[in-house]
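**Q** Got a structure for you, data_14.json, holding JSON, C-alpha atoms.
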```
[["chain", "number", "residue", "atom", "x", "y", "z"],
["A", 1, "MET", "CA", 156.39, -105.47, -107.04],
["A", 2, "SER", "CA", 157.95, -102.38, -105.49],
["A", 3, "VAL", "CA", 158.55, -102.59, -101.71],
["A", 4, "ILE", "CA", 160.28, -100.55, -99.02],
["A", 5, "ARG", "CA", 163.45, -102.11, -97.64],
["A", 6, "ALA", "CA", 165.54, -101.09, -94.63],
["A", 7, "VAL", "CA", 169.00, -100.88, -96.19],
["A", 8, "PRO", "CA", 172.28, -100.52, -94.24],
["A", 9, "ILE", "CA", 174.16, -97.39, -95.30],
["A", 10, "GLY", "CA", 176.68, -97.11, -92.47],
["A", 11, "VAL", "CA", 178.24, -99.16, -89.70],
["A", 12, "GLY", "CA", 180.63, -98.36, -86.85],
["A", 13, "HIS", "CA", 181.88, -99.50, -83.47],
["A", 14, "TYR", "CA", 183.77, -98.50, -80.36],
["A", 15, "LEU", "CA", 185.82, -100.45, -77.83],
["A", 16, "PRO", "CA", 187.05, -98.99, -74.52],
["A", 17, "LYS", "CA", 190.81, -98.46, -74.31],
["A", 18, "ARG", "CA", 191.43, -100.89, -71.47],
["A", 19, "VAL", "CA", 192.25, -104.37, -72.79],
["A", 20, "VAL", "CA", 192.01, -107.21, -70.28],
["A", 21, "GLU", "CA", 193.94, -110.35, -71.21],
["A", 22, "ASN", "CA", 192.93, -113.73, -69.78],
["A", 23, "ALA", "CA", 196.05, -113.84, -67.62],
["A", 24, "GLU", "CA", 194.77, -110.89, -65.57],
["A", 25, "PHE", "CA", 192.02, -113.02, -64.03],
["A", 26, "ALA", "CA", 194.58, -115.48, -62.67],
["A", 27, "LYS", "CA", 195.67, -112.80, -60.18],
["A", 28, "TRP", "CA", 192.58, -113.48, -58.03],
["A", 29, "LEU", "CA", 190.79, -116.50, -59.55],
["A", 30, "ASP", "CA", 191.64, -120.18, -59.92],
["A", 31, "THR", "CA", 191.88, -119.91, -63.71],
["A", 32, "ASP", "CA", 194.37, -119.31, -66.50],
["A", 33, "ASP", "CA", 194.56, -118.42, -70.18],
["A", 34, "GLU", "CA", 194.53, -122.07, -71.30],
["A", 35, "TRP", "CA", 191.40, -122.89, -69.27],
["A", 36, "ILE", "CA", 189.47, -119.87, -70.58],
["A", 37, "GLN", "CA", 190.49, -120.33, -74.22],
["A", 38, "ALA", "CA", 189.72, -124.06, -74.21],
["A", 39, "ARG", "CA", 186.16, -123.48, -72.99],
["A", 40, "THR", "CA", 185.26, -120.22, -74.70],
["A", 41, "GLY", "CA", 187.76, -119.24, -77.39],
["A", 42, "ILE", "CA", 188.15, -115.87, -75.65],
["A", 43, "GLN", "CA", 191.65, -114.39, -75.32],
["A", 44, "ARG", "CA", 190.91, -110.83, -74.26],
["A", 45, "ARG", "CA", 188.14, -108.29, -73.81],
["A", 46, "HIS", "CA", 187.72, -104.53, -73.24],
["A", 47, "PHE", "CA", 186.45, -102.91, -70.04],
["A", 48, "ALA", "CA", 185.06, -99.39, -69.77],
["A", 49, "ALA", "CA", 187.05, -96.91, -67.70],
["A", 50, "ASP", "CA", 185.77, -95.53, -64.40],
["A", 51, "GLY", "CA", 183.09, -92.98, -65.27],
["A", 52, "GLU", "CA", 182.76, -94.23, -68.86],
["A", 53, "LEU", "CA", 179.06, -94.89, -69.44],
["A", 54, "THR", "CA", 177.09, -97.02, -71.86],
["A", 55, "SER", "CA", 175.93, -93.80, -73.54],
["A", 56, "ASP", "CA", 179.59, -92.79, -74.05],
["A", 57, "LEU", "CA", 180.32, -96.06, -75.85],
["A", 58, "ALA", "CA", 177.13, -95.71, -77.90],
["A", 59, "TYR", "CA", 178.07, -92.16, -78.88],
["A", 60, "GLU", "CA", 181.48, -93.19, -80.23],
["A", 61, "ALA", "CA", 179.99, -96.07, -82.21],
["A", 62, "ALA", "CA", 177.25, -93.79, -83.56],
["A", 63, "CYS", "CA", 179.78, -91.20, -84.72],
["A", 64, "ASP", "CA", 181.77, -93.94, -86.47],
["A", 65, "ALA", "CA", 178.63, -95.17, -88.25],
["A", 66, "LEU", "CA", 177.59, -91.64, -89.26],
["A", 67, "LYS", "CA", 181.04, -91.05, -90.72],
["A", 68, "ASP", "CA", 180.84, -94.32, -92.62],
["A", 69, "ALA", "CA", 177.43, -93.33, -94.03],
["A", 70, "GLY", "CA", 178.57, -89.81, -94.90],
["A", 71, "ILE", "CA", 175.68, -88.16, -93.06],
["A", 72, "THR", "CA", 175.14, -86.22, -89.83],
["A", 73, "ALA", "CA", 172.92, -86.84, -86.81],
["A", 74, "THR", "CA", 170.39, -84.33, -88.11],
["A", 75, "ASP", "CA", 169.73, -86.74, -90.99],
["A", 76, "ILE", "CA", 168.56, -89.42, -88.53],
["A", 77, "ASP", "CA", 164.85, -89.76, -87.71],
["A", 78, "ALA", "CA", 165.07, -92.26, -84.86],
["A", 79, "ILE", "CA", 167.42, -94.13, -82.52],
["A", 80, "VAL", "CA", 166.78, -97.67, -81.31],
["A", 81, "LEU", "CA", 169.32, -98.61, -78.66],
["A", 82, "ALA", "CA", 169.61, -102.18, -77.41],
["A", 83, "THR", "CA", 171.16, -102.45, -73.95],
["A", 84, "SER", "CA", 170.80, -104.32, -70.67],
["A", 85, "THR", "CA", 173.21, -101.93, -68.91],
["A", 86, "PRO", "CA", 171.59, -98.49, -69.25],
["A", 87, "ASP", "CA", 173.07, -95.35, -67.70],
["A", 88, "GLN", "CA", 170.00, -94.83, -65.53],
["A", 89, "THR", "CA", 166.76, -96.58, -64.60],
["A", 90, "PHE", "CA", 165.12, -93.83, -66.66],
["A", 91, "PRO", "CA", 165.09, -91.94, -68.93],
["A", 92, "SER", "CA", 166.37, -94.11, -71.74],
["A", 93, "THR", "CA", 170.04, -94.16, -72.67],
["A", 94, "ALA", "CA", 168.88, -93.55, -76.24],
["A", 95, "THR", "CA", 167.56, -90.09, -75.34],
["A", 96, "LYS", "CA", 170.87, -89.24, -73.67],
["A", 97, "LEU", "CA", 172.61, -90.29, -76.87],
["A", 98, "GLN", "CA", 170.13, -88.25, -78.92],
["A", 99, "ALA", "CA", 171.06, -85.12, -76.97],
["A", 100, "LYS", "CA", 174.78, -85.82, -77.15],
["A", 101, "LEU", "CA", 174.58, -86.20, -80.93],
["A", 102, "GLY", "CA", 172.75, -82.87, -81.24],
["A", 103, "MET", "CA", 169.69, -84.57, -82.70],
["A", 104, "ASN", "CA", 166.82, -82.30, -81.60],
["A", 105, "SER", "CA", 163.98, -83.95, -83.50],
["A", 106, "GLY", "CA", 162.70, -87.44, -84.15],
["A", 107, "PHE", "CA", 162.45, -90.05, -81.40],
["A", 108, "ALA", "CA", 164.70, -92.40, -79.42],
["A", 109, "PHE", "CA", 164.11, -95.37, -77.15],
["A", 110, "ASP", "CA", 165.88, -98.29, -75.48],
["A", 111, "LEU", "CA", 165.10, -101.94, -76.09],
["A", 112, "GLN", "CA", 166.07, -104.74, -73.71],
["A", 113, "ALA", "CA", 166.45, -108.33, -74.91],
["A", 114, "VAL", "CA", 169.92, -108.96, -73.44],
["A", 115, "CYS", "CA", 172.24, -110.69, -75.94],
["A", 116, "ALA", "CA", 169.44, -110.91, -78.50],
["A", 117, "GLY", "CA", 168.92, -107.16, -78.20],
["A", 118, "PHE", "CA", 170.44, -106.18, -81.53],
["A", 119, "ALA", "CA", 168.33, -108.70, -83.47],
["A", 120, "TYR", "CA", 165.24, -107.32, -81.74],
["A", 121, "ALA", "CA", 166.34, -103.71, -82.37],
["A", 122, "MET", "CA", 166.98, -104.32, -86.06],
["A", 123, "THR", "CA", 163.57, -105.98, -86.37],
["A", 124, "MET", "CA", 161.86, -103.01, -84.69],
["A", 125, "ALA", "CA", 163.75, -100.54, -86.89],
["A", 126, "ASN", "CA", 162.83, -102.52, -89.99],
["A", 127, "SER", "CA", 159.15, -102.45, -88.99],
["A", 128, "LEU", "CA", 159.26, -98.68, -88.41],
["A", 129, "ILE", "CA", 160.86, -98.08, -91.80],
["A", 130, "VAL", "CA", 158.48, -100.38, -93.69],
["A", 131, "ALA", "CA", 155.53, -98.69, -91.92],
["A", 132, "GLY", "CA", 156.76, -95.26, -93.00],
["A", 133, "GLN", "CA", 157.42, -94.00, -89.46],
["A", 134, "ALA", "CA", 161.05, -93.13, -90.19],
["A", 135, "LYS", "CA", 163.36, -92.86, -93.18],
["A", 136, "ARG", "CA", 166.71, -93.31, -91.43],
["A", 137, "ILE", "CA", 167.22, -95.11, -88.12],
["A", 138, "LEU", "CA", 170.36, -95.44, -86.04],
["A", 139, "VAL", "CA", 170.35, -98.92, -84.50],
["A", 140, "ILE", "CA", 172.85, -99.48, -81.68],
["A", 141, "GLY", "CA", 173.90, -102.24, -79.34],
["A", 142, "ALA", "CA", 175.91, -100.89, -76.39],
["A", 143, "GLU", "CA", 176.88, -102.57, -73.13],
["A", 144, "THR", "CA", 179.02, -102.15, -70.02],
["A", 145, "PHE", "CA", 178.64, -105.69, -68.67],
["A", 146, "SER", "CA", 181.74, -105.23, -66.50],
["A", 147, "ARG", "CA", 179.41, -103.32, -64.16],
["A", 148, "ILE", "CA", 177.29, -106.41, -63.40],
["A", 149, "MET", "CA", 179.91, -109.14, -62.97],
["A", 150, "ASP", "CA", 180.45, -111.34, -59.92],
["A", 151, "TRP", "CA", 184.24, -111.15, -59.86],
["A", 152, "GLN", "CA", 184.53, -114.28, -57.74],
["A", 153, "ASP", "CA", 182.64, -116.47, -60.23],
["A", 154, "ARG", "CA", 185.24, -117.74, -62.67],
["A", 155, "THR", "CA", 182.59, -119.35, -64.88],
["A", 156, "THR", "CA", 180.96, -116.02, -65.78],
["A", 157, "CYS", "CA", 183.24, -113.04, -65.16],
["A", 158, "VAL", "CA", 185.80, -114.17, -67.76],
["A", 159, "LEU", "CA", 183.17, -114.29, -70.51],
["A", 160, "PHE", "CA", 182.00, -110.72, -70.89],
["A", 161, "GLY", "CA", 183.35, -107.44, -72.20],
["A", 162, "ASP", "CA", 182.22, -103.89, -72.94],
["A", 163, "GLY", "CA", 181.68, -102.27, -76.32],
["A", 164, "ALA", "CA", 179.25, -100.77, -78.78],
["A", 165, "GLY", "CA", 178.30, -101.22, -82.41],
["A", 166, "ALA", "CA", 175.97, -99.22, -84.65],
["A", 167, "VAL", "CA", 174.21, -99.67, -87.99],
["A", 168, "ILE", "CA", 172.29, -97.00, -89.89],
["A", 169, "LEU", "CA", 169.27, -98.24, -91.85],
["A", 170, "GLU", "CA", 167.66, -96.19, -94.63],
["A", 171, "ALA", "CA", 164.35, -96.65, -96.43],
["A", 172, "GLN", "CA", 165.00, -97.58, -100.05],
["A", 173, "THR", "CA", 162.84, -99.07, -102.77],
["A", 174, "GLY", "CA", 163.34, -102.72, -103.71],
["A", 175, "ASP", "CA", 161.74, -105.14, -106.13],
["A", 176, "GLY", "CA", 160.42, -107.45, -103.44],
["A", 177, "THR", "CA", 162.87, -110.27, -104.20],
["A", 178, "SER", "CA", 165.82, -111.75, -102.31],
["A", 179, "ASP", "CA", 168.11, -109.84, -104.65],
["A", 180, "ASP", "CA", 167.11, -106.58, -102.91],
["A", 181, "ARG", "CA", 169.59, -104.92, -100.60],
["A", 182, "GLY", "CA", 168.46, -104.54, -96.99],
["A", 183, "ILE", "CA", 166.62, -106.64, -94.42],
["A", 184, "LEU", "CA", 164.89, -109.56, -96.15],
["A", 185, "SER", "CA", 163.46, -111.42, -93.16],
["A", 186, "CYS", "CA", 163.37, -111.49, -89.35],
["A", 187, "ASP", "CA", 162.55, -114.17, -86.81],
["A", 188, "LEU", "CA", 162.07, -113.38, -83.10],
["A", 189, "ASN", "CA", 161.32, -115.73, -80.22],
["A", 190, "SER", "CA", 161.25, -115.85, -76.42],
["A", 191, "ASP", "CA", 160.38, -118.32, -73.68],
["A", 192, "GLY", "CA", 160.17, -116.96, -70.15],
["A", 193, "ARG", "CA", 160.18, -120.42, -68.59],
["A", 194, "TYR", "CA", 163.99, -120.32, -68.79],
["A", 195, "ASN", "CA", 164.46, -117.12, -66.79],
["A", 196, "ASP", "CA", 166.54, -118.84, -64.10],
["A", 197, "ILE", "CA", 169.31, -120.16, -66.35],
["A", 198, "LEU", "CA", 170.56, -116.67, -67.27],
["A", 199, "TYR", "CA", 169.61, -113.59, -65.27],
["A", 200, "VAL", "CA", 170.79, -110.74, -63.03],
["A", 201, "ASP", "CA", 169.82, -111.18, -59.37],
["A", 202, "GLY", "CA", 168.76, -107.57, -58.79],
["A", 203, "GLY", "CA", 166.23, -105.05, -60.00],
["A", 204, "VAL", "CA", 164.32, -101.88, -59.16],
["A", 205, "SER", "CA", 161.10, -103.66, -58.17],
["A", 206, "SER", "CA", 162.58, -106.81, -56.61],
["A", 207, "THR", "CA", 165.70, -105.86, -54.63],
["A", 208, "GLN", "CA", 166.31, -102.15, -55.28],
["A", 209, "THR", "CA", 169.88, -103.13, -56.24],
["A", 210, "THR", "CA", 171.68, -103.61, -59.54],
["A", 211, "GLY", "CA", 172.62, -107.23, -58.86],
["A", 212, "VAL", "CA", 175.13, -109.44, -60.66],
["A", 213, "LEU", "CA", 174.90, -111.88, -63.53],
["A", 214, "LYS", "CA", 174.04, -115.51, -62.80],
["A", 215, "MET", "CA", 174.24, -118.25, -65.41],
["A", 216, "GLN", "CA", 173.86, -122.01, -65.70],
["A", 217, "GLY", "CA", 176.38, -122.38, -68.50],
["A", 218, "ARG", "CA", 175.63, -125.95, -69.55],
["A", 219, "GLU", "CA", 171.89, -125.29, -69.78],
["A", 220, "VAL", "CA", 172.43, -122.10, -71.79],
["A", 221, "PHE", "CA", 174.77, -123.93, -74.17],
["A", 222, "LYS", "CA", 172.22, -126.70, -74.73],
["A", 223, "HIS", "CA", 169.45, -124.25, -75.61],
["A", 224, "ALA", "CA", 171.69, -121.88, -77.57],
["A", 225, "VAL", "CA", 172.79, -124.27, -80.31],
["A", 226, "THR", "CA", 169.31, -125.69, -80.96],
["A", 227, "LYS", "CA", 167.45, -122.40, -80.83],
["A", 228, "LEU", "CA", 169.99, -120.41, -82.85],
["A", 229, "ALA", "CA", 170.06, -122.99, -85.62],
["A", 230, "SER", "CA", 166.26, -123.21, -85.70],
["A", 231, "SER", "CA", 165.80, -119.43, -85.83],
["A", 232, "GLY", "CA", 168.43, -119.07, -88.55],
["A", 233, "GLU", "CA", 166.72, -121.73, -90.65],
["A", 234, "THR", "CA", 163.33, -120.07, -90.14],
["A", 235, "ALA", "CA", 164.66, -116.66, -91.20],
["A", 236, "LEU", "CA", 166.20, -118.20, -94.31],
["A", 237, "GLU", "CA", 162.93, -119.96, -95.14],
["A", 238, "LYS", "CA", 161.00, -116.69, -94.75],
["A", 239, "ALA", "CA", 163.39, -115.06, -97.24],
["A", 240, "GLY", "CA", 163.09, -117.96, -99.67],
["A", 241, "LEU", "CA", 166.76, -118.83, -99.25],
["A", 242, "THR", "CA", 168.92, -121.69, -97.99],
["A", 243, "ALA", "CA", 172.19, -121.90, -96.08],
["A", 244, "ASP", "CA", 174.02, -122.36, -99.39],
["A", 245, "ASP", "CA", 172.97, -118.84, -100.43],
["A", 246, "ILE", "CA", 174.59, -117.15, -97.42],
["A", 247, "THR", "CA", 177.89, -115.32, -97.92],
["A", 248, "TRP", "CA", 178.60, -114.68, -94.24],
["A", 249, "VAL", "CA", 177.09, -115.59, -90.90],
["A", 250, "ILE", "CA", 177.62, -112.92, -88.21],
["A", 251, "PRO", "CA", 176.59, -114.72, -85.00],
["A", 252, "HIS", "CA", 176.31, -113.43, -81.48],
["A", 253, "GLN", "CA", 179.87, -113.66, -80.16],
["A", 254, "ALA", "CA", 179.28, -115.51, -76.90],
["A", 255, "ASN", "CA", 181.39, -118.63, -77.04],
["A", 256, "LEU", "CA", 183.41, -120.19, -79.85],
["A", 257, "ARG", "CA", 182.01, -123.65, -79.09],
["A", 258, "ILE", "CA", 178.44, -122.36, -79.51],
["A", 259, "ILE", "CA", 179.41, -120.64, -82.77],
["A", 260, "LYS", "CA", 181.01, -123.81, -84.18],
["A", 261, "ASN", "CA", 178.20, -126.13, -83.11],
["A", 262, "THR", "CA", 175.51, -123.82, -84.49],
["A", 263, "ALA", "CA", 177.33, -123.48, -87.82],
["A", 264, "GLN", "CA", 177.59, -127.25, -88.06],
["A", 265, "LYS", "CA", 173.89, -127.69, -87.26],
["A", 266, "ILE", "CA", 172.86, -125.15, -89.93],
["A", 267, "GLY", "CA", 175.31, -126.64, -92.42],
["A", 268, "ILE", "CA", 177.65, -123.67, -92.94],
["A", 269, "SER", "CA", 181.43, -124.06, -92.83],
["A", 270, "MET", "CA", 183.49, -121.99, -90.41],
["A", 271, "ASP", "CA", 185.24, -120.18, -93.27],
["A", 272, "ARG", "CA", 181.94, -118.34, -93.81],
["A", 273, "ILE", "CA", 181.55, -117.32, -90.15],
["A", 274, "VAL", "CA", 182.71, -113.92, -88.86],
["A", 275, "VAL", "CA", 184.42, -114.55, -85.51],
["A", 276, "THR", "CA", 185.57, -111.78, -83.17],
["A", 277, "VAL", "CA", 184.88, -113.41, -79.77],
["A", 278, "GLN", "CA", 188.60, -114.02, -79.22],
["A", 279, "ASP", "CA", 189.26, -110.26, -79.02],
["A", 280, "HIS", "CA", 186.05, -108.89, -77.48],
["A", 281, "GLY", "CA", 184.47, -111.61, -75.36],
["A", 282, "ASN", "CA", 180.69, -111.56, -75.07],
["A", 283, "THR", "CA", 179.54, -107.94, -75.43],
["A", 284, "SER", "CA", 175.84, -108.91, -75.31],
["A", 285, "ALA", "CA", 173.70, -106.64, -77.52],
["A", 286, "ALA", "CA", 176.85, -105.02, -78.94],
["A", 287, "SER", "CA", 178.40, -108.23, -80.25],
["A", 288, "ILE", "CA", 176.71, -108.50, -83.66],
["A", 289, "PRO", "CA", 177.07, -104.84, -84.76],
["A", 290, "LEU", "CA", 180.61, -104.83, -83.36],
["A", 291, "ALA", "CA", 181.49, -107.91, -85.44],
["A", 292, "LEU", "CA", 179.75, -106.39, -88.48],
["A", 293, "SER", "CA", 181.77, -103.20, -88.18],
["A", 294, "VAL", "CA", 185.09, -105.00, -87.69],
["A", 295, "ALA", "CA", 184.41, -107.23, -90.70],
["A", 296, "ASN", "CA", 183.36, -104.23, -92.78],
["A", 297, "LYS", "CA", 186.51, -102.26, -91.95],
["A", 298, "LYS", "CA", 188.65, -105.29, -92.85],
["A", 299, "GLY", "CA", 186.91, -105.55, -96.23],
["A", 300, "GLN", "CA", 185.63, -108.99, -95.26],
["A", 301, "ILE", "CA", 182.02, -108.01, -95.96],
["A", 302, "LYS", "CA", 181.25, -106.44, -99.32],
["A", 303, "ARG", "CA", 178.23, -104.75, -100.87],
["A", 304, "ASN", "CA", 175.50, -107.20, -101.88],
["A", 305, "ASP", "CA", 176.85, -109.99, -99.67],
["A", 306, "LEU", "CA", 174.02, -112.02, -98.15],
["A", 307, "LEU", "CA", 174.28, -112.11, -94.36],
["A", 308, "LEU", "CA", 172.67, -114.16, -91.61],
["A", 309, "THR", "CA", 172.83, -112.89, -88.03],
["A", 310, "GLU", "CA", 171.53, -114.79, -85.01],
["A", 311, "ALA", "CA", 171.65, -114.30, -81.25],
["A", 312, "ILE", "CA", 170.29, -115.66, -77.98],
["A", 313, "GLY", "CA", 170.21, -114.13, -74.51],
["A", 314, "GLY", "CA", 168.48, -114.09, -71.16],
["A", 315, "GLY", "CA", 164.74, -114.52, -71.21],
["A", 316, "LEU", "CA", 165.37, -116.74, -72.99],
["A", 317, "ALA", "CA", 165.09, -114.46, -76.03],
["A", 318, "TRP", "CA", 166.51, -115.30, -79.44],
["A", 319, "GLY", "CA", 166.22, -114.38, -83.08],
["A", 320, "ALA", "CA", 167.77, -114.17, -86.53],
["A", 321, "ILE", "CA", 167.88, -111.74, -89.44],
["A", 322, "VAL", "CA", 168.69, -112.21, -93.11],
["A", 323, "LEU", "CA", 169.90, -109.10, -94.94],
["A", 324, "ARG", "CA", 171.75, -108.18, -98.07],
["A", 325, "TRP", "CA", 174.59, -105.76, -97.33]]
```
Render the structure in this file as structure tokens.
**A**
Amino acid sequence: MSVIRAVPIGVGHYLPKRVVENAEFAKWLDTDDEWIQARTGIQRRHFAADGELTSDLAYEAACDALKDAGITATDIDAIVLATSTPDQTFPSTATKLQAKLGMNSGFAFDLQAVCAGFAYAMTMANSLIVAGQAKRILVIGAETFSRIMDWQDRTTCVLFGDGAGAVILEAQTGDGTSDDRGILSCDLNSDGRYNDILYVDGGVSSTQTTGVLKMQGREVFKHAVTKLASSGETALEKAGLTADDITWVIPHQANLRIIKNTAQKIGISMDRIVVTVQDHGNTSAASIPLALSVANKKGQIKRNDLLLTEAIGGGLAWGAIVLRW
């Protein structure tokens, strides 16, 4: 049976020039490289320069993805941009990116699901393509989390970094089997009862301030491993596949301990996990497309590889996607 699939045709990323090693935090915090690495696996991260906006990072990643796909912005019908650190309260950062790319038609919008944002954005883009609303969609995760850190909280400020990643999806015809290229299944979830274990303590309606990130790390860890594994297994089941079929897992790059524990729970060895957290830290919605792009440029991911991506963030919101590259 002939079906429409959302197939990746290009991928790209961008990291700000400033690299912040773990040792830099020791200048004002009671921490060191050994403490950070032992608990997170993170060695360094990138921070945006003064005046460098989320839309700037998104633009660079978009250009990289367009180059990889061999197309121009005028070939794109829509932009779905996942971010929790937009340039402005409104309008959307996606429309700013649309203008910067010289894309004068189609539509663009932001989507906010924190670290799960890219999984949500890919699911929305897939739905739009399958419904015939767009032929080519630029899906981006872009964040400047350095703008919302509490620099005196050593348990959170060492975890996050800035960056952007982009994937271009195109409508192509498949046979309706798991051998098709493109997105094969999606699984999205949220549970607002856990708002207080990971949130920003500001907002337009509540405090009229931006606020800073607050997290109960142990509680987040406990939920992350269980929920990520469950969502990954559900997405595989929807696609009629098992963990043994997966070539690579590209997880949300939050914490190496979470990545290892989730892989063990799903039953996938670490030699099939793409890991970039050591170099980028947690870049929230950008982490999965950023890891995808890095792995693609290294030749680690190849055409027709079967991929599983999964992420969890504030909300709590979490999800997983199975796709054939």
**Q** Taking 6 positions as the minimum chain separation for residues in the same chain, which residues sit within 9 Å of Arg39 (chain A) when counting only C-alpha atoms? Answer as a list of chain:residue names.
**A**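 Everything that qualifies: A:Asn255, A:Leu256, A:Arg257.
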**Q** Report the distance between CA of Asp179 (chain A) and CA of Thr234 (chain A) in Å, rounded to one decimal place.
**A** 18.4 Å
**Q** Would you mind listing what lies within 7 Å of region 138-151 of chain A as a compact mmCIF listing (two decimals) with C-alpha atoms, in the coordinates of the input, with all atoms listed in the file counted and same-chain residues fewer than 3 positions away left out?
**A**
```
# COMPACT_ATOMS: atom_id res chain seq x y z
CA PHE A 47 186.45 -102.91 -70.04
CA ALA A 48 185.06 -99.39 -69.77
CA THR A 54 177.09 -97.02 -71.86
CA LEU A 57 180.32 -96.06 -75.85
CA ALA A 58 177.13 -95.71 -77.90
CA ILE A 76 168.56 -89.42 -88.53
CA ALA A 78 165.07 -92.26 -84.86
CA ILE A 79 167.42 -94.13 -82.52
CA VAL A 80 166.78 -97.67 -81.31
CA LEU A 81 169.32 -98.61 -78.66
CA ALA A 82 169.61 -102.18 -77.41
CA THR A 83 171.16 -102.45 -73.95
CA SER A 84 170.80 -104.32 -70.67
CA THR A 85 173.21 -101.93 -68.91
CA PHE A 118 170.44 -106.18 -81.53
CA ALA A 121 166.34 -103.71 -82.37
CA MET A 122 166.98 -104.32 -86.06
CA CYS A 157 183.24 -113.04 -65.16
CA PHE A 160 182.00 -110.72 -70.89
CA GLY A 161 183.35 -107.44 -72.20
CA ASP A 162 182.22 -103.89 -72.94
CA GLY A 163 181.68 -102.27 -76.32
CA ALA A 164 179.25 -100.77 -78.78
CA GLY A 165 178.30 -101.22 -82.41
CA ALA A 166 175.97 -99.22 -84.65
CA VAL A 167 174.21 -99.67 -87.99
CA ILE A 168 172.29 -97.00 -89.89
CA LEU A 169 169.27 -98.24 -91.85
CA GLY A 211 172.62 -107.23 -58.86
CA VAL A 212 175.13 -109.44 -60.66
CA LEU A 213 174.90 -111.88 -63.53
CA THR A 283 179.54 -107.94 -75.43
CA SER A 284 175.84 -108.91 -75.31
CA ALA A 285 173.70 -106.64 -77.52
CA ALA A 286 176.85 -105.02 -78.94
CA PRO A 289 177.07 -104.84 -84.76
```
**Q** Within 8 Å of Asp33 (chain A), counting only C-alpha atoms, which residues qualify if same-chain residues fewer than 2 places away don't, as JSON, numbers by chain?
**A** {"A": [22, 23, 31, 35, 36, 37, 43]}
**Q** Counting only C-alpha atoms, which residue out of A:Ile273, A:Gly281, A:Ile9, A:Ile321 sits closest to Gln300 (chain A)?
**A**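 Among A:Ile273, A:Gly281, A:Ile9, A:Ile321, it is A:Ile273 that comes nearest to Gln300 (chain A).
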**Q** Using only C-alpha atoms, find each residue in region 137-203 of chain A having at least one atom no more than 7 Å away from region 123-130 of chain A; report its shortest atom-to-atom pair and that distance in Å (one decimal), rows by chain then rising number, as CSV.
**A**
```
residue,atom,partner,partner_atom,distance
A:Ile137,CA,A:Ala125,CA,6.6
A:Ala171,CA,A:Ile129,CA,6.0
A:Cys186,CA,A:Thr123,CA,6.3
```
**Q** Nearest residue to Ala291 (chain A) out of A:Ile250, A:Ile258, A:Ala116, A:Leu159, using only C-alpha atoms?
**A**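 Among A:Ile250, A:Ile258, A:Ala116, A:Leu159, it is A:Ile250 that comes nearest to Ala291 (chain A).
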**Q** Kindly indicate which residue among A:Trp325, A:Phe107, A:Tyr194, A:Tyr14 lies nearest to Cys63 (chain A), using all atoms listed in the file for the distances.
**A** A:Tyr14
**Q** Which residue out of A:Asn104, A:Ser55, A:Ser92, A:Ser178 has the minimum interatomic distance to Thr74 (chain A) when only C-alpha atoms are used?
**A**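 Going through A:Asn104, A:Ser55, A:Ser92, A:Ser178 one by one, the smallest distance to Thr74 (chain A) is for A:Asn104.
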**Q** May I have the residues within 12 Å of Glu219 (chain A) as number ranges by chain, using all atoms listed in the file and disregarding those fewer than 6 positions away in the same chain?
**A** A: 194-198, 225-226, 314, 316
**Q** Could you check which of A:Asp77, A:Asp279, A:Asp187, A:Glu170 is closest to Val20 (chain A), using all atoms listed in the file?
**A**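 Using all atoms listed in the file, Val20 (chain A) sits closest to A:Asp279.
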**Q** How many Å separate CA of His223 (chain A) from CA of Gln253 (chain A)?
**A**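 Interatomic distance, CA of His223 (chain A) to CA of Gln253 (chain A): 15.5 Å.
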**Q** Counting all atoms listed in the file, what is within 10 Å of Leu292 (chain A), bar same-chain residues fewer than 3 positions away, as a list in words?
**A**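 Selected residues are Val11, Gly12, His13, Gly165, Ala166, Val167, Val249, Ile250, Pro251, Val274, Val275, Thr276, Ser287, Ile288, Pro289, Ala295, Asn296, Lys297, Lys298, Gln300, Ile301, Leu307 and Thr309 of chain A.
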**Q** Of the candidates A:Ile268, A:Val19, A:Ala119, A:Ala94, which one gets nearest to Ile183 (chain A) if we count all atoms listed in the file?
**A**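 Result for the nearest residue to Ile183 (chain A): A:Ala119.
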**Q** Dig up all the protein and nucleic acid residues within 7 Å of (167.2, -114.9, -74.9) in the file frame, using all atoms listed in the file, and format them as a PyMOL selection string.
**A** chain A and resi 113-116+190+312-318
**Q** Could you tell me how far CA of Thr209 (chain A) lies from CA of Thr93 (chain A), in Å and to one decimal?
**A** 18.7 Å
**Q** Quick one: region 273-278 of chain A with N, CA and C atoms, as an mmCIF file, keeping the file's coordinate frame?
**A**
```cif
data_model
loop_
_atom_site.group_PDB
_atom_site.id
_atom_site.type_symbol
_atom_site.label_atom_id
_atom_site.label_comp_id
_atom_site.auth_asym_id
_atom_site.auth_seq_id
_atom_site.Cartn_x
_atom_site.Cartn_y
_atom_site.Cartn_z
ATOM 1 N N ILE A 273 182.014 -117.874 -91.415
ATOM 2 C CA ILE A 273 181.550 -117.320 -90.150
ATOM 3 C C ILE A 273 182.479 -116.191 -89.721
ATOM 4 N N VAL A 274 181.917 -115.027 -89.411
ATOM 5 C CA VAL A 274 182.710 -113.920 -88.860
ATOM 6 C C VAL A 274 182.877 -114.168 -87.361
ATOM 7 N N VAL A 275 184.121 -114.255 -86.914
ATOM 8 C CA VAL A 275 184.420 -114.550 -85.510
ATOM 9 C C VAL A 275 185.297 -113.451 -84.925
ATOM 10 N N THR A 276 184.802 -112.818 -83.873
ATOM 11 C CA THR A 276 185.570 -111.780 -83.170
ATOM 12 C C THR A 276 185.622 -112.039 -81.665
ATOM 13 N N VAL A 277 185.003 -113.143 -81.210
ATOM 14 C CA VAL A 277 184.880 -113.410 -79.770
ATOM 15 C C VAL A 277 186.245 -113.482 -79.089
ATOM 16 N N GLN A 278 187.282 -113.887 -79.815
ATOM 17 C CA GLN A 278 188.600 -114.020 -79.220
ATOM 18 C C GLN A 278 189.141 -112.668 -78.723
#
```
